[in-house]
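Here's the structure we're looking at; comments come further down.
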Amino acid sequence: MLKKIKAEWFSNVRGDVLAGIVVALALIPEAIAFSIIAGVDPMVGLYASFLISVIIAFIGGRPGMISAATGAMALLMVPLVRDHGVEYLLAATILTGVIQVLFGVFKVAKVMKFIPRAVMIGFVNALAILIFMAQVPHFVGINNTTYIFVAITLAIVYIVPRFLKSVPAPLIALVLLTAVAIYSGFELRTVGDLGAITKSLPSFLIPDVPFSIETIMIVLPYSLALAIVGLLESLLTASIVDDMTGTGSDKNKESRGQGIANFVTGFFGGMAGCAMIGQSVINIKSGGRGRLSTLVSGVFLIFLIIVLGDLVVQIPMPVLVGIMIMVAIGTFDWSSFTYLKKAPRTDAAVMVLTVLIVVYTHDLSIGVIAGVLLSAIFFVAKISKIEVKKRMENATPRYSVEGQLFFASVEDFLEKFDYSIENENVIIDFTDAHVWDDSGVGAIDRVVLKFKENGNEVILEGLDSGSKKLVDKLAIFNSKNAKLPTH
Amino acid sequence: MYKKVLLAVDGSDHSIRAAKQAVKIAAPSPDAQVTIVFVADHANAKNEVLHSGSSMELDLKRRKKIQPIEETLAAGQVKYKVEILHGTPGPAIVEYANKEKFDILIIGSRGLNGLQEMVLGSVSHKVVKRANCPVLIVK
């Protein structure tokens, strides 16, 4: 136990501390920008990023992964904050935590494998598009200086890393352009125009909402959506960190950890968050591996805010917009275009529909659920194709069944037989088939009984053991009084 | 004679050419062993994880990339083992080569032009500069 703690915390102190600092610097602009997306004060996102990082450092299931306030979560909160205010958002954050802890306890992480790749790709693409769309009102049609600042920010974040890798480029853009804006007096909107920065640590508070069923009914749909989306992004991020480090992680522990982190964050004035793909990648690339890196990122972030809070309000909005455009471009899965060409048509359709549904509803959770349902329907349609071939063997007809016999394929199955023959021995061969459910057995009953009506004898051959068990248990065609059901 | 040979590959045609040279170098000494090293690039991690159903599937995809190289070595009757590293290709190869103390490092050159090299950076150049063992770059 002690050995494990030592390995997870102190096996890479230098790398973890340095990477943690880099991540903290990269987190600040994002935490502020995501708060603005959600429609709350920057402090709500900054407190969330601080608290979630620190809590996850101790109880997360994936050392080296960075969790904080995220775009995916912020986008889900927009209508709740707009219609009911920030106190309801805090209540929703607490409830999100409870739901995620339950997900962890009931091992929902396992269910993740039922979410098809096409839906996950659609998810990240939709997220990228929504983050971009959320920036549009902050830079389109304000003034030319705004456009120029966005352009310079983009130039810095894409060109500087080619030459300088140790300092995050977004930070360079932030510091440089904030300084330019302060000294030049250009007319630009700043973070201060959209909210206030408090230079203090978060303190405990109970959200100021009425304790009633009505309140729960208001926040529950948001909490559910936040819990699902948060878990989805966290587990995807965990898989990416697993791959980058060549190590494994405990997904259920991560889910519980995310839940506890959100639960606590809600009581300290922070918004719900989850793991961040981009920041986790930065952490690992900068040499972060252990829990210490996650802790340092959170602590250093709040330290900077307390020390430099007065400067943060002077950050020009166009710089944040530029950084968010970079985040959107980095989030988008650019290989989706080759995926569209190469993947099976149904998968490509699921991906595109997931994106369209999210962009239309502005709700990532609806897109994911619709995508999963759609893939399930496509899957059933694909495997429900059943073939029945008829062959004559010494004047006895022999039917060979090929495929899966279950509720979705019974109708096709029933139509494949020629029931007009009389007084023959009919053989039905199930060697290449499998019977899955009582609808399948019912279909066999119907076929056998229909043949028997005309005085035929029916022999079933080649049922595999699973199918045979089901048929023996459920079929009625062997009992003497069996009649063809009339429905 | 070379005993510990490191062959750095990315699955491209260049690395197959490098593998052919590795056979020539390792085949004469009976106790030589070639270590094939493949770096799963951190820059592609998100994309690769997103496009594979599971970590098993991803591992299989990477193994498939190395397969033609394994075949080349097997055909040359050279003993080999495969090592998959995670990181940024240049530094990851250098770190591994210097830690394990190989007699020689063989790597294919992608043959980029000046501009591509400025933008992408040449892995083989970085390796030559920082590895502590002799390096053979195969064109």
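Just so we're on the same page: first chain in the structure tokens is A, next is B, and so on; residues restart at 1 for each chain, and ligands are numbered from 1 in the order they show up.
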
Kindly determine which residues of chain A lie within 9 Å of chain B, considering only C-alpha atoms, and give the answer as a short mmCIF file (atom, residue, chain, number, x, y, z; two decimals) with C-alpha atoms, in the first residue's frame.
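Final output, saved to out.cif:
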data_model
loop_
_atom_site.label_atom_id
_atom_site.label_comp_id
_atom_site.auth_asym_id
_atom_site.auth_seq_id
_atom_site.Cartn_x
_atom_site.Cartn_y
_atom_site.Cartn_z
CA LYS A 113 -17.85 -0.52 -24.46
CA PRO A 116 -19.62 2.57 -30.62
CA ARG A 117 -16.58 4.27 -32.03
CA ALA A 118 -18.71 6.20 -34.53
CA MET A 120 -17.37 8.75 -29.83
CA ILE A 121 -15.95 10.34 -32.98
CA ARG A 162 7.65 25.12 -33.56
CA LEU A 236 -12.08 8.45 -23.17
CA THR A 237 -9.33 10.63 -21.71
CA SER A 239 -7.95 5.47 -22.32
CA ILE A 240 -5.78 8.04 -24.10
CA VAL A 241 -3.56 8.51 -21.02
CA ASP A 242 -3.40 4.72 -20.62
CA ASP A 243 -2.13 4.45 -24.17
CA MET A 244 0.33 7.33 -23.92
CA THR A 245 1.90 5.95 -20.76
CA GLY A 246 1.55 2.27 -21.65
CA ILE A 277 -8.23 15.39 -23.27
CA VAL A 281 -2.05 15.23 -23.29
CA ILE A 284 1.98 13.64 -20.25
CA LYS A 285 3.97 15.32 -23.02
CA ASP A 333 -10.99 14.64 -35.16
CA TRP A 334 -9.55 15.57 -38.55
CA SER A 335 -9.21 11.97 -39.67
CA TYR A 339 -13.23 7.74 -41.75
#

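Running DSSP on the backbone and keeping only strand (DSSP E or B), the residues of segment 275-418 of chain A that qualify are Ala275, Pro316, Glu387, Val388, Lys389, Lys390, Arg391, Met392, Glu393, Thr396, Pro397, Arg398, Tyr399, Ser400, Val401, Glu402, Gly403, Gln404 and Leu405 of chain A.
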
Export C-alpha atoms of the chosen residues as a PDB file, in the first residue's frame?
ATOM      1  CA  ALA A 275     -11.247  15.010 -17.404  1.00  0.00           C
ATOM      2  CA  PRO A 316      -8.781  40.914 -23.799  1.00  0.00           C
ATOM      3  CA  GLU A 387     -31.023 -17.083 -45.308  1.00  0.00           C
ATOM      4  CA  VAL A 388     -33.020 -20.265 -45.913  1.00  0.00           C
ATOM      5  CA  LYS A 389     -31.935 -22.455 -48.829  1.00  0.00           C
ATOM      6  CA  LYS A 390     -34.126 -25.238 -50.164  1.00  0.00           C
ATOM      7  CA  ARG A 391     -32.669 -28.356 -51.698  1.00  0.00           C
ATOM      8  CA  MET A 392     -34.339 -31.638 -52.768  1.00  0.00           C
ATOM      9  CA  GLU A 393     -32.809 -34.807 -51.297  1.00  0.00           C
ATOM     10  CA  THR A 396     -37.575 -34.868 -49.488  1.00  0.00           C
ATOM     11  CA  PRO A 397     -37.195 -31.123 -49.237  1.00  0.00           C
ATOM     12  CA  ARG A 398     -34.275 -29.995 -47.071  1.00  0.00           C
ATOM     13  CA  TYR A 399     -34.104 -26.425 -45.799  1.00  0.00           C
ATOM     14  CA  SER A 400     -30.729 -25.063 -44.580  1.00  0.00           C
ATOM     15  CA  VAL A 401     -31.029 -22.048 -42.297  1.00  0.00           C
ATOM     16  CA  GLU A 402     -28.162 -19.597 -42.095  1.00  0.00           C
ATOM     17  CA  GLY A 403     -28.042 -16.657 -39.675  1.00  0.00           C
ATOM     18  CA  GLN A 404     -29.423 -15.491 -36.351  1.00  0.00           C
ATOM     19  CA  LEU A 405     -33.002 -16.386 -35.476  1.00  0.00           C
TER      20      LEU A 405
END

>> as a ChimeraX atom specification, please: every residue in segment 26-122 of chain B that a backbone DSSP assignment puts in helix (DSSP H, G or I).
In response: /B:26,42-50,55-75,89-100,114-120

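By only C-alpha atoms, and with residues fewer than 3 positions from segment 21-28 of chain B along its chain excluded, the set lying at most 6 Å from it is Ala18, Ala32, Gly76 and Val78 of chain B.
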